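K.L.:
One file is attached below, input_0.cif, containing mmCIF, C-alpha atoms.
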data_entry
#
loop_
_atom_site.group_PDB
_atom_site.id
_atom_site.type_symbol
_atom_site.label_atom_id
_atom_site.label_comp_id
_atom_site.auth_asym_id
_atom_site.auth_seq_id
_atom_site.Cartn_x
_atom_site.Cartn_y
_atom_site.Cartn_z
ATOM 1 C CA MET A 28 -10.912 -9.993 26.023
ATOM 2 C CA ARG A 29 -14.018 -11.818 24.874
ATOM 3 C CA TYR A 30 -13.881 -15.546 24.359
ATOM 4 C CA GLU A 31 -14.860 -15.327 20.663
ATOM 5 C CA ILE A 32 -12.127 -12.822 19.874
ATOM 6 C CA ARG A 33 -9.583 -14.805 21.824
ATOM 7 C CA GLN A 34 -10.492 -17.949 19.882
ATOM 8 C CA GLN A 35 -10.065 -16.134 16.579
ATOM 9 C CA MET A 36 -6.694 -14.819 17.760
ATOM 10 C CA LEU A 37 -5.555 -18.313 18.659
ATOM 11 C CA SER A 38 -6.725 -19.692 15.319
ATOM 12 C CA ASN A 39 -4.324 -17.380 13.444
ATOM 13 C CA PRO A 40 -0.823 -17.078 14.935
ATOM 14 C CA ASP A 41 -0.111 -14.047 12.753
ATOM 15 C CA TYR A 42 -2.882 -12.148 14.564
ATOM 16 C CA LEU A 43 -1.075 -12.811 17.824
ATOM 17 C CA ALA A 44 2.235 -11.653 16.373
ATOM 18 C CA TYR A 45 0.597 -8.455 15.121
ATOM 19 C CA LEU A 46 -1.000 -7.940 18.529
ATOM 20 C CA ASN A 47 2.423 -8.290 20.177
ATOM 21 C CA GLU A 48 3.848 -5.695 17.789
ATOM 22 C CA ASN A 49 0.919 -3.330 18.444
ATOM 23 C CA PRO A 50 -0.106 -3.664 22.125
ATOM 24 C CA ASP A 51 -2.543 -0.759 21.825
ATOM 25 C CA TRP A 52 -4.825 -3.105 19.939
ATOM 26 C CA GLN A 53 -4.964 -5.502 22.869
ATOM 27 C CA ARG A 54 -6.234 -2.704 25.080
ATOM 28 C CA GLU A 55 -8.646 -1.557 22.386
ATOM 29 C CA LEU A 56 -10.112 -5.030 21.861
ATOM 30 C CA SER A 57 -10.425 -5.612 25.586
ATOM 31 C CA ARG A 58 -12.382 -2.412 26.034
ATOM 32 C CA ARG A 59 -14.281 -2.412 22.746
ATOM 33 C CA PRO A 60 -14.609 -5.917 21.272
ATOM 34 C CA GLU A 61 -16.903 -4.526 18.568
ATOM 35 C CA ASN A 62 -13.751 -3.091 16.939
ATOM 36 C CA TRP A 63 -12.665 -6.563 15.812
ATOM 37 C CA LYS A 64 -13.394 -5.760 12.159
ATOM 38 C CA LEU A 65 -11.355 -2.575 12.456
ATOM 39 C CA PHE A 66 -8.484 -4.623 13.886
ATOM 40 C CA ILE A 67 -8.665 -7.032 10.928
ATOM 41 C CA GLU A 68 -8.707 -4.157 8.423
ATOM 42 C CA ASN A 69 -5.722 -2.540 10.103
ATOM 43 C CA TYR A 70 -3.905 -5.875 10.238
ATOM 44 C CA LYS A 71 -4.453 -6.445 6.510
ATOM 45 C CA GLN A 72 -3.268 -2.951 5.625
ATOM 46 C CA GLU A 73 -0.122 -3.260 7.731
ATOM 47 C CA ARG A 74 0.704 -6.736 6.422
ATOM 48 C CA LYS A 75 -0.215 -5.739 2.848
ATOM 49 C CA LEU A 76 -2.888 -8.417 2.564
ATOM 50 C CA THR A 77 -5.590 -6.273 1.007
ATOM 51 C CA PHE A 78 -6.962 -7.065 -2.437
ATOM 52 C CA PRO A 79 -5.116 -4.175 -4.172
ATOM 53 C CA ASP A 80 -1.860 -5.316 -2.555
ATOM 54 C CA LYS A 81 -2.380 -8.843 -3.858
ATOM 55 C CA ILE A 82 -3.056 -7.530 -7.354
ATOM 56 C CA GLU A 83 0.109 -5.452 -7.155
ATOM 57 C CA LYS A 84 2.128 -8.529 -6.187
ATOM 58 C CA VAL A 85 0.717 -10.542 -9.091
ATOM 59 C CA SER A 86 1.386 -7.664 -11.456
ATOM 60 C CA PHE A 87 4.973 -7.472 -10.249
ATOM 61 C CA LEU A 88 5.439 -11.214 -10.740
ATOM 62 C CA LEU A 89 4.040 -11.029 -14.267
ATOM 63 C CA LYS A 90 6.438 -8.216 -15.119
ATOM 64 C CA MET A 91 9.327 -10.265 -13.772
ATOM 65 C CA LEU A 92 8.272 -13.221 -15.933
ATOM 66 C CA GLU A 93 8.095 -11.001 -18.987
ATOM 67 C CA MET A 94 11.639 -9.812 -18.325
ATOM 68 C CA LEU A 95 12.884 -13.388 -18.182
ATOM 69 C CA GLN A 96 11.532 -14.237 -21.619
#
Let me see whether you can do it: turn the structure in this file into structure tokens.
P.N.:
Amino acid sequence: MRYEIRQQMLSNPDYLAYLNENPDWQRELSRRPENWKLFIENYKQERKLTFPDKIEKVSFLLKMLEMLQ
């Protein structure tokens, strides 16, 4: 795996956890380091960290607050 990708992996422990859960990505990044952005997109979709997911969470929290009032 390239040094730059490895450094980015070490900077975010959740990336490493995701890589352990999905070992195919380790092989993919070793062979094709240019797929780093694809890895990040996939990671965000799996962990529900995309912008629409965040909006959905905020919407849910607002609905919960409305119910409490």
K.L.:
Taking every listed atom of region 54-58 of chain A and adding 4 Å to each side, what centre and edge lengths in Å (one decimal) does the axis-aligned box have, as JSON?
P.N.:
{"center_x": -9.3, "center_y": -3.6, "center_z": 23.9, "size_x": 14.1, "size_y": 12.1, "size_z": 12.2}
K.L.:
Mind telling me what the PyMOL selection byres ((chain A and resi 60-73) around 8) catches here, as a ChimeraX atom specification?
P.N.:
/A:28-29,32,42,45,52,55-59,74-77
K.L.:
Find the distance between CA of Lys84 (chain A) and CA of Leu37 (chain A) and write it in Å to one decimal.
P.N.:
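So the answer is 27.8 Å.
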K.L.:
As an exercise, work out the distance from CA of Arg33 (chain A) to CA of Arg54 (chain A) in Å and give it to one decimal place.
P.N.:
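Separation between CA of Arg33 (chain A) and CA of Arg54 (chain A): 13.0 Å.
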K.L.:
How many Å lie between CA of Gln53 (chain A) and CA of Ser38 (chain A), rounded to one decimal?
P.N.:
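Taking CA of Gln53 (chain A) as the start and CA of Ser38 (chain A) as the end point, the length is 16.2 Å.
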K.L.:
Could you please fill out region 44-63 of chain A with N, CA and C atoms and send it back as a CSV table (one decimal), keeping the file's coordinate frame?
P.N.:
chain,number,residue,atom,x,y,z
A,44,ALA,N,1.0,-12.4,16.6
A,44,ALA,CA,2.2,-11.7,16.4
A,44,ALA,C,2.0,-10.2,16.1
A,45,TYR,N,0.9,-9.9,15.4
A,45,TYR,CA,0.6,-8.5,15.1
A,45,TYR,C,0.2,-7.8,16.4
A,46,LEU,N,-0.6,-8.5,17.3
A,46,LEU,CA,-1.0,-7.9,18.5
A,46,LEU,C,0.2,-7.7,19.4
A,47,ASN,N,1.2,-8.5,19.4
A,47,ASN,CA,2.4,-8.3,20.2
A,47,ASN,C,3.2,-7.1,19.7
A,48,GLU,N,3.2,-6.9,18.4
A,48,GLU,CA,3.8,-5.7,17.8
A,48,GLU,C,3.1,-4.4,18.1
A,49,ASN,N,1.8,-4.5,18.2
A,49,ASN,CA,0.9,-3.3,18.4
A,49,ASN,C,0.1,-3.5,19.7
A,50,PRO,N,0.6,-3.4,20.9
A,50,PRO,CA,-0.1,-3.7,22.1
A,50,PRO,C,-1.3,-2.8,22.4
A,51,ASP,N,-1.4,-1.6,21.7
A,51,ASP,CA,-2.5,-0.8,21.8
A,51,ASP,C,-3.8,-1.5,21.4
A,52,TRP,N,-3.7,-2.4,20.4
A,52,TRP,CA,-4.8,-3.1,19.9
A,52,TRP,C,-5.4,-4.1,21.0
A,53,GLN,N,-4.5,-4.6,21.8
A,53,GLN,CA,-5.0,-5.5,22.9
A,53,GLN,C,-5.9,-4.7,23.8
A,54,ARG,N,-5.4,-3.6,24.2
A,54,ARG,CA,-6.2,-2.7,25.1
A,54,ARG,C,-7.6,-2.3,24.4
A,55,GLU,N,-7.5,-2.0,23.1
A,55,GLU,CA,-8.6,-1.6,22.4
A,55,GLU,C,-9.7,-2.7,22.3
A,56,LEU,N,-9.2,-3.9,22.0
A,56,LEU,CA,-10.1,-5.0,21.9
A,56,LEU,C,-10.7,-5.5,23.2
A,57,SER,N,-9.9,-5.3,24.3
A,57,SER,CA,-10.4,-5.6,25.6
A,57,SER,C,-11.5,-4.7,26.0
A,58,ARG,N,-11.4,-3.4,25.6
A,58,ARG,CA,-12.4,-2.4,26.0
A,58,ARG,C,-13.5,-2.3,25.1
A,59,ARG,N,-13.3,-2.5,23.8
A,59,ARG,CA,-14.3,-2.4,22.7
A,59,ARG,C,-14.2,-3.6,21.8
A,60,PRO,N,-14.7,-4.7,22.1
A,60,PRO,CA,-14.6,-5.9,21.3
A,60,PRO,C,-15.3,-5.7,19.9
A,61,GLU,N,-16.2,-4.8,19.8
A,61,GLU,CA,-16.9,-4.5,18.6
A,61,GLU,C,-16.0,-4.0,17.5
A,62,ASN,N,-14.7,-3.6,17.9
A,62,ASN,CA,-13.8,-3.1,16.9
A,62,ASN,C,-12.9,-4.2,16.3
A,63,TRP,N,-13.4,-5.4,16.4
A,63,TRP,CA,-12.7,-6.6,15.8
A,63,TRP,C,-12.5,-6.4,14.3
